[in-house]
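**Q** File name work21.txt; file contents compact mmCIF, C-alpha atoms; full text below.
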# COMPACT_ATOMS: atom_id res chain seq x y z
CA MET A 3 9.23 14.81 -5.04
CA THR A 4 5.60 13.85 -4.54
CA LEU A 5 3.69 11.00 -6.09
CA GLY A 6 0.91 13.40 -6.98
CA ASN A 7 3.20 15.04 -9.50
CA THR A 8 2.03 14.33 -13.05
CA GLN A 9 5.57 14.42 -14.44
CA THR A 10 6.60 10.96 -15.63
CA GLN A 11 9.47 9.45 -13.66
CA ALA A 12 11.40 6.18 -13.75
CA TYR A 13 9.66 4.88 -10.64
CA GLY A 14 9.74 1.32 -11.97
CA GLU A 15 13.53 1.34 -12.30
CA PRO A 16 15.80 0.09 -9.50
CA SER A 17 18.36 2.79 -10.28
CA TYR A 18 15.90 5.56 -9.43
CA TRP A 19 15.22 4.17 -5.96
CA ASP A 20 18.86 3.16 -5.35
CA ASN A 21 19.86 6.77 -5.97
CA ARG A 22 17.06 8.09 -3.80
CA TYR A 23 17.91 5.90 -0.81
CA THR A 24 21.63 6.53 -1.20
CA GLU A 25 21.08 10.29 -1.13
CA ASP A 26 18.37 10.21 1.56
CA PRO A 27 18.87 7.18 3.86
CA GLY A 28 16.75 8.46 6.74
CA PRO A 29 13.47 6.65 7.55
CA PHE A 30 10.43 7.92 5.71
CA ASP A 31 6.76 6.89 5.66
CA TRP A 32 4.70 7.46 2.54
CA TYR A 33 1.26 9.00 3.10
CA GLN A 34 0.42 7.67 6.59
CA ASN A 35 2.31 6.19 9.52
CA TYR A 36 1.44 3.08 11.50
CA PRO A 37 -0.32 4.74 14.46
CA SER A 38 -2.73 6.50 12.09
CA LEU A 39 -3.63 3.28 10.24
CA SER A 40 -3.41 0.69 13.02
CA PRO A 41 -7.14 0.70 13.92
CA LEU A 42 -7.95 -0.31 10.34
CA LEU A 43 -5.22 -2.95 10.17
CA ARG A 44 -6.47 -4.55 13.36
CA LEU A 45 -9.97 -4.66 11.86
CA TYR A 46 -8.96 -6.64 8.77
CA ILE A 47 -5.55 -8.22 9.44
CA HIS A 48 -4.98 -10.54 12.40
CA HIS A 49 -1.71 -10.80 14.30
CA HIS A 50 -1.11 -14.40 13.18
CA HIS A 51 -1.56 -13.57 9.48
CA ARG A 52 1.38 -13.70 7.11
CA VAL A 53 1.67 -10.14 5.79
CA LEU A 54 3.49 -8.80 2.73
CA VAL A 55 4.42 -5.11 2.60
CA VAL A 56 5.22 -4.07 -0.97
CA GLY A 57 7.53 -1.16 -1.76
CA CYS A 58 8.59 -1.04 1.88
CA GLY A 59 11.41 1.46 1.45
CA ASN A 60 12.97 2.49 4.77
CA SER A 61 9.68 3.04 6.55
CA ALA A 62 9.28 2.20 10.23
CA PHE A 63 5.76 0.93 9.46
CA SER A 64 6.61 -2.78 9.53
CA GLU A 65 8.71 -2.45 12.67
CA GLU A 66 5.75 -0.86 14.41
CA MET A 67 3.47 -3.65 13.15
CA VAL A 68 5.71 -6.22 14.81
CA ASP A 69 5.91 -4.14 17.96
CA ASP A 70 2.11 -4.18 17.98
CA GLY A 71 1.99 -7.97 17.85
CA TYR A 72 2.13 -8.99 14.20
CA GLU A 73 4.15 -12.17 13.93
CA ASP A 74 5.26 -12.51 10.30
CA VAL A 75 5.86 -9.41 8.17
CA VAL A 76 7.66 -9.84 4.85
CA ASN A 77 8.89 -6.68 3.13
CA ILE A 78 9.94 -6.27 -0.48
CA ASP A 79 11.43 -3.40 -2.44
CA ILE A 80 13.04 -3.02 -5.85
CA SER A 81 16.03 -1.16 -4.40
CA SER A 82 18.99 -3.29 -3.30
CA VAL A 83 20.36 -0.25 -1.44
CA VAL A 84 17.38 0.05 0.88
CA ILE A 85 16.89 -3.71 1.31
CA GLU A 86 20.52 -4.21 2.35
CA ALA A 87 20.18 -1.33 4.82
CA MET A 88 16.98 -2.72 6.30
CA GLN A 89 18.34 -6.27 6.51
CA LYS A 90 21.27 -4.93 8.50
CA LYS A 91 19.07 -2.72 10.70
CA TYR A 92 16.67 -5.53 11.60
CA SER A 93 19.03 -8.52 11.60
CA ASN A 94 17.97 -9.29 15.17
CA ARG A 95 14.20 -9.13 14.47
CA PRO A 96 13.11 -12.57 13.18
CA HIS A 97 9.51 -11.45 12.65
CA LEU A 98 10.73 -8.92 10.05
CA LYS A 99 12.05 -10.13 6.70
CA TYR A 100 13.42 -7.94 3.88
CA ILE A 101 13.80 -9.22 0.32
CA LYS A 102 14.85 -7.42 -2.86
CA MET A 103 12.04 -8.04 -5.32
CA ASP A 104 10.08 -6.36 -8.11
CA VAL A 105 6.39 -6.24 -7.22
CA ARG A 106 5.58 -6.86 -10.89
CA ASP A 107 7.24 -10.28 -10.68
CA MET A 108 6.95 -12.00 -7.32
CA SER A 109 7.47 -15.51 -8.71
CA THR A 110 9.70 -16.33 -5.72
CA PHE A 111 6.50 -16.47 -3.67
CA GLU A 112 4.13 -19.37 -4.12
CA THR A 113 0.56 -18.74 -5.21
CA GLY A 114 -1.71 -18.13 -2.22
CA SER A 115 1.14 -17.70 0.26
CA PHE A 116 0.00 -14.52 2.06
CA ASP A 117 -3.03 -13.58 4.13
CA ALA A 118 -2.61 -9.86 3.50
CA VAL A 119 -0.73 -7.42 1.26
CA ILE A 120 -0.23 -3.79 2.31
CA ASP A 121 0.57 -1.10 -0.26
CA LYS A 122 1.31 2.48 0.77
CA GLY A 123 2.04 4.34 -2.45
CA THR A 124 3.60 1.60 -4.57
CA LEU A 125 0.75 1.33 -7.07
CA ASP A 126 0.65 5.12 -7.18
CA SER A 127 4.35 5.31 -7.98
CA LEU A 128 3.96 2.91 -10.90
CA LEU A 129 1.02 4.89 -12.20
CA CYS A 130 3.23 8.00 -12.23
CA GLY A 131 5.99 6.22 -14.15
CA TYR A 132 6.69 4.96 -17.63
CA ASN A 133 4.38 2.25 -19.08
CA SER A 134 2.07 3.02 -16.18
CA LYS A 135 -0.99 0.95 -17.13
CA GLN A 136 1.05 -2.11 -18.07
CA ASN A 137 3.13 -1.96 -14.89
CA ALA A 138 0.10 -1.39 -12.65
CA THR A 139 -1.69 -4.34 -14.23
CA LYS A 140 1.31 -6.63 -13.71
CA MET A 141 1.56 -5.56 -10.09
CA LEU A 142 -2.10 -6.09 -9.29
CA GLU A 143 -2.17 -9.49 -10.98
CA GLU A 144 0.81 -10.56 -8.88
CA VAL A 145 -0.77 -9.22 -5.68
CA CYS A 146 -3.89 -11.22 -6.47
CA ARG A 147 -1.85 -14.35 -7.18
CA VAL A 148 0.17 -14.36 -3.95
CA LEU A 149 -2.92 -13.79 -1.79
CA LYS A 150 -4.88 -16.67 -0.35
CA ASP A 151 -8.57 -16.86 -1.15
CA LYS A 152 -10.26 -14.38 1.22
CA GLY A 153 -6.90 -12.66 1.62
CA VAL A 154 -6.84 -8.87 1.92
CA TYR A 155 -5.08 -6.31 -0.26
CA MET A 156 -5.01 -2.98 1.57
CA LEU A 157 -4.23 -0.15 -0.83
CA ILE A 158 -3.49 3.29 0.63
CA THR A 159 -3.54 5.84 -2.21
CA TYR A 160 -4.33 9.40 -3.23
CA GLY A 161 -6.45 7.97 -6.08
CA SER A 162 -10.22 8.34 -5.73
CA PRO A 163 -12.55 5.51 -6.81
CA VAL A 164 -13.09 7.12 -10.22
CA TYR A 165 -9.40 6.48 -10.93
CA ARG A 166 -8.74 3.25 -9.03
CA LEU A 167 -11.84 1.03 -9.12
CA HIS A 168 -11.50 -0.01 -12.75
CA LEU A 169 -7.87 -1.03 -12.24
CA LEU A 170 -8.75 -3.09 -9.20
CA ARG A 171 -11.78 -4.74 -10.76
CA ASP A 172 -9.89 -5.67 -13.92
CA SER A 173 -7.04 -7.35 -12.00
CA CYS A 174 -8.86 -9.79 -9.75
CA SER A 175 -12.21 -10.78 -8.34
CA TRP A 176 -12.41 -8.56 -5.26
CA THR A 177 -14.97 -7.57 -2.69
CA ILE A 178 -14.02 -3.94 -2.13
CA LYS A 179 -14.64 -1.71 0.88
CA LEU A 180 -13.51 1.91 0.92
CA HIS A 181 -12.26 3.83 3.92
CA VAL A 182 -10.90 7.37 4.02
CA ILE A 183 -8.46 9.18 6.26
CA GLU A 184 -7.37 12.78 6.34
CA LYS A 185 -3.91 13.46 5.05
CA LEU A 186 -1.42 14.06 7.82
CA PRO A 187 -2.64 17.11 9.73
CA LEU A 188 -1.55 20.58 8.71
CA ALA A 189 -1.08 23.42 11.15
CA ASP A 190 -4.45 24.93 10.26
CA SER A 191 -6.80 21.97 10.64
CA SER A 192 -9.35 23.35 13.09
CA GLU A 193 -12.25 23.43 10.62
CA ARG A 194 -11.61 20.21 8.73
CA GLN A 195 -13.97 17.29 9.11
CA THR A 196 -12.59 14.24 10.88
CA TRP A 197 -13.57 10.94 9.29
CA ASP A 198 -14.18 7.68 11.14
CA LEU A 199 -11.40 5.51 9.73
CA THR A 200 -13.05 2.20 10.60
CA SER A 201 -16.41 3.00 8.96
CA PRO A 202 -16.59 2.16 5.24
CA ILE A 203 -17.65 4.89 2.79
CA LEU A 204 -20.38 4.15 0.27
CA PHE A 205 -19.71 4.73 -3.42
CA ASP A 206 -21.71 4.07 -6.58
CA ASP A 207 -20.72 1.77 -9.45
CA GLY A 208 -18.95 4.62 -11.20
CA GLY A 209 -16.91 5.44 -8.11
CA SER A 210 -18.65 8.72 -7.35
CA LEU A 211 -18.19 10.00 -3.80
CA GLU A 212 -19.05 13.66 -4.16
CA THR A 213 -22.37 13.43 -2.33
CA VAL A 214 -20.62 11.73 0.59
CA ILE A 215 -17.35 13.60 1.05
CA GLY A 216 -17.76 16.72 -1.10
CA LYS A 217 -15.58 18.05 -3.88
CA ASN A 218 -12.50 19.29 -2.04
CA ALA A 219 -11.82 16.77 0.70
CA ASP A 220 -8.11 16.37 1.38
CA LEU A 221 -8.00 12.63 1.93
CA HIS A 222 -6.15 9.43 1.37
CA TYR A 223 -8.33 6.58 0.13
CA ILE A 224 -7.93 3.09 1.54
CA TYR A 225 -9.29 0.22 -0.52
CA VAL A 226 -9.71 -2.99 1.44
CA CYS A 227 -9.93 -5.62 -1.29
CA THR A 228 -10.85 -9.14 -0.22
CA LYS A 229 -9.95 -11.81 -2.77
CA ASP A 230 -13.02 -13.76 -3.80
CA ASN A 231 -12.57 -16.58 -6.32
CA SER A 232 -16.13 -17.81 -6.05
CA GLY A 233 -17.17 -15.79 -9.08
CA ARG A 234 -14.41 -17.08 -11.32
Please rewrite the model in this file as structure tokens.
**A**
Amino acid sequence: MTLGNTQTQAYGEPSYWDNRYTEDPGPFDWYQNYPSLSPLLRLYIHHHHRVLVVGCGNSAFSEEMVDDGYEDVVNIDISSVVIEAMQKKYSNRPHLKYIKMDVRDMSTFETGSFDAVIDKGTLDSLLCGYNSKQNATKMLEEVCRVLKDKGVYMLITYGSPVYRLHLLRDSCSWTIKLHVIEKLPLADSSERQTWDLTSPILFDDGGSLETVIGKNADLHYIYVCTKDNSGR
């Protein structure tokens, strides 16, 4: 199963993910792993920041963040199966916390309680599921709420600006920077362009990038959205 599949799935339902993690309990990273993204995280998220990873699944991403010096990483997922497994696995790692929670309703967390939110594929999964627009809107409004002013929402997605900017802009007052990274290398990658992950990519108001990256670039898009309440 890939999140690029246009077939509608019950990605917003706990039962879907409980079944998935029961059948496939091995660790898995959506889209990118920590080593590939760490230069960008270090640029925008400091080690002392309180970080929320949404839709954490059984990824090793958060473990590697803590190993790299991050001091407070909170992980949430809608699946009780995966959260119970991760709580057991990391019971001796106080810097890592795992909580069963629906990203569309994070009322357990106080407003403005996180410095950063990291999302690798969670928004994408909701956009592939039932009631996609409604669920995505709820999620983004909650992400905005739990972030401190000047907090950072880092969205790693297959969605280009044409398909993601309007959702982001409608959910919160953000200052948005865009970075790109090649999808995990294939065997035949000798002639592909390598992008500088830490250098933002320019885009126009409509989200067009064609003149910058071309029509057929095989990339993940990373939106670094800084919460800015000054305009509201």
**Q** Taking 4 positions as the minimum chain separation for residues in the same chain, which residues sit within 9 Å of Ser109 of chain A when counting only C-alpha atoms? Answer as a PDB file with C-alpha atoms, keeping the file's coordinate frame.
**A**
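part28.pdb written:
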ATOM      1  CA  THR A 113       0.560 -18.740  -5.210  1.00  0.00           C
ATOM      2  CA  GLU A 144       0.810 -10.560  -8.880  1.00  0.00           C
ATOM      3  CA  VAL A 148       0.170 -14.360  -3.950  1.00  0.00           C
TER       4      VAL A 148
END
**Q** Pick out the residues sitting within 8 Å of Ile203 of chain A, and hand them over as JSON, numbers by chain; count all atoms listed in the file, and ignore anything fewer than 4 positions along from it in its own chain.
**A** {"A": [179, 180, 181, 182, 214]}
**Q** Which residues of segment 94-172 of chain A sit at most 6 Å from segment 67-87 of chain A, using all atoms listed in the file? Give each one's shortest atom pair and distance in Å (one decimal place), in chain and ascending residue order, as CSV.
**A**
residue,atom,partner,partner_atom,distance
A:His97,CA,A:Asp74,CA,5.0
A:Leu98,CA,A:Val75,CA,5.2
A:Lys99,CA,A:Val76,CA,4.8
A:Tyr100,CA,A:Asn77,CA,4.8
A:Ile101,CA,A:Ile78,CA,4.9
A:Lys102,CA,A:Asp79,CA,5.3
A:Met103,CA,A:Ile80,CA,5.1
A:Asp104,CA,A:Ile80,CA,5.0
**Q** Might you pull out every residue within 8 Å of Thr200 of chain A, with all atoms listed in the file counted and same-chain residues fewer than 5 positions away left off, and present them as a compact mmCIF listing (two decimals) with C-alpha atoms, keeping the file's coordinate frame?
**A**
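Result saved to selection_15.txt:
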# COMPACT_ATOMS: atom_id res chain seq x y z
CA PRO A 41 -7.14 0.70 13.92
CA LEU A 42 -7.95 -0.31 10.34
CA LEU A 45 -9.97 -4.66 11.86
CA HIS A 181 -12.26 3.83 3.92
**Q** So which one's closest to Leu199 of chain A, A:Leu125, A:Ile224, A:Met108, A:Leu149? Using all atoms listed in the file, please.
**A**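 Nearest to Leu199 of chain A: A:Ile224.
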**Q** Between A:Tyr33, A:Tyr165, A:Tyr225, A:Phe205, single out the one closest to Lys122 of chain A, counting only C-alpha atoms.
**A**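 Closest to Lys122 of chain A, using only C-alpha atoms: A:Tyr33.
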**Q** Could you tell me how far atom CA of Cys58 of chain A lies from atom CA of Ser134 of chain A, in Å and to one decimal?
**A**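 Between atom CA of Cys58 of chain A and atom CA of Ser134 of chain A the gap works out to 19.6 Å.
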**Q** Give me, please, the distance in Å between atom CA of Ile158 of chain A and atom CA of Pro202 of chain A, quoted to one decimal.
**A**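 According to the coordinates, atom CA of Ile158 of chain A and atom CA of Pro202 of chain A are separated by 13.9 Å.
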**Q** Ranking A:Ser93, A:Val55, A:Ser173, A:Trp32 by minimum distance to Thr159 of chain A and counting all atoms listed in the file, which one comes first?
**A**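 Result for the nearest residue to Thr159 of chain A: A:Trp32.
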**Q** Using all atoms listed in the file, which protein or nucleic acid residues come within 12 Å of Cys227 of chain A? Drop anything in the same chain fewer than 3 positions from it, and give the result as a VMD selection string.
**A** chain A and resid 46 to 47 117 to 121 142 145 to 146 149 151 to 158 166 to 167 170 to 171 173 to 181 224 230
**Q** Restricted to C-alpha atoms, what would the selected residues look like written as an mmCIF file, in the frame of the given file?
**A**
data_model
loop_
_atom_site.group_PDB
_atom_site.id
_atom_site.type_symbol
_atom_site.label_atom_id
_atom_site.label_comp_id
_atom_site.auth_asym_id
_atom_site.auth_seq_id
_atom_site.Cartn_x
_atom_site.Cartn_y
_atom_site.Cartn_z
ATOM 1 C CA TYR A 46 -8.960 -6.640 8.770
ATOM 2 C CA ILE A 47 -5.550 -8.220 9.440
ATOM 3 C CA ASP A 117 -3.030 -13.580 4.130
ATOM 4 C CA ALA A 118 -2.610 -9.860 3.500
ATOM 5 C CA VAL A 119 -0.730 -7.420 1.260
ATOM 6 C CA ILE A 120 -0.230 -3.790 2.310
ATOM 7 C CA ASP A 121 0.570 -1.100 -0.260
ATOM 8 C CA LEU A 142 -2.100 -6.090 -9.290
ATOM 9 C CA VAL A 145 -0.770 -9.220 -5.680
ATOM 10 C CA CYS A 146 -3.890 -11.220 -6.470
ATOM 11 C CA LEU A 149 -2.920 -13.790 -1.790
ATOM 12 C CA ASP A 151 -8.570 -16.860 -1.150
ATOM 13 C CA LYS A 152 -10.260 -14.380 1.220
ATOM 14 C CA GLY A 153 -6.900 -12.660 1.620
ATOM 15 C CA VAL A 154 -6.840 -8.870 1.920
ATOM 16 C CA TYR A 155 -5.080 -6.310 -0.260
ATOM 17 C CA MET A 156 -5.010 -2.980 1.570
ATOM 18 C CA LEU A 157 -4.230 -0.150 -0.830
ATOM 19 C CA ILE A 158 -3.490 3.290 0.630
ATOM 20 C CA ARG A 166 -8.740 3.250 -9.030
ATOM 21 C CA LEU A 167 -11.840 1.030 -9.120
ATOM 22 C CA LEU A 170 -8.750 -3.090 -9.200
ATOM 23 C CA ARG A 171 -11.780 -4.740 -10.760
ATOM 24 C CA SER A 173 -7.040 -7.350 -12.000
ATOM 25 C CA CYS A 174 -8.860 -9.790 -9.750
ATOM 26 C CA SER A 175 -12.210 -10.780 -8.340
ATOM 27 C CA TRP A 176 -12.410 -8.560 -5.260
ATOM 28 C CA THR A 177 -14.970 -7.570 -2.690
ATOM 29 C CA ILE A 178 -14.020 -3.940 -2.130
ATOM 30 C CA LYS A 179 -14.640 -1.710 0.880
ATOM 31 C CA LEU A 180 -13.510 1.910 0.920
ATOM 32 C CA HIS A 181 -12.260 3.830 3.920
ATOM 33 C CA ILE A 224 -7.930 3.090 1.540
ATOM 34 C CA ASP A 230 -13.020 -13.760 -3.800
#
**Q** Any idea what the distance is between atom CA of Glu66 of chain A and atom CA of Asn21 of chain A?
**A**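 A separation of 25.9 Å between them.
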**Q** Could the centre and edge lengths of an axis-aligned box, enclosing all atoms of segment 143-161 of chain A in the file with 4 Å extra on each side, be given in Å to one decimal as JSON?
**A**
{"center_x": -4.7, "center_y": -3.7, "center_z": -4.5, "size_x": 19.1, "size_y": 34.3, "size_z": 20.9}
**Q** Which one of A:Thr139, A:Thr228, A:Gln34, A:Ser127 sits closest to Glu15 of chain A if you count only C-alpha atoms?
**A**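 Smallest separation from Glu15 of chain A among the options: A:Ser127.
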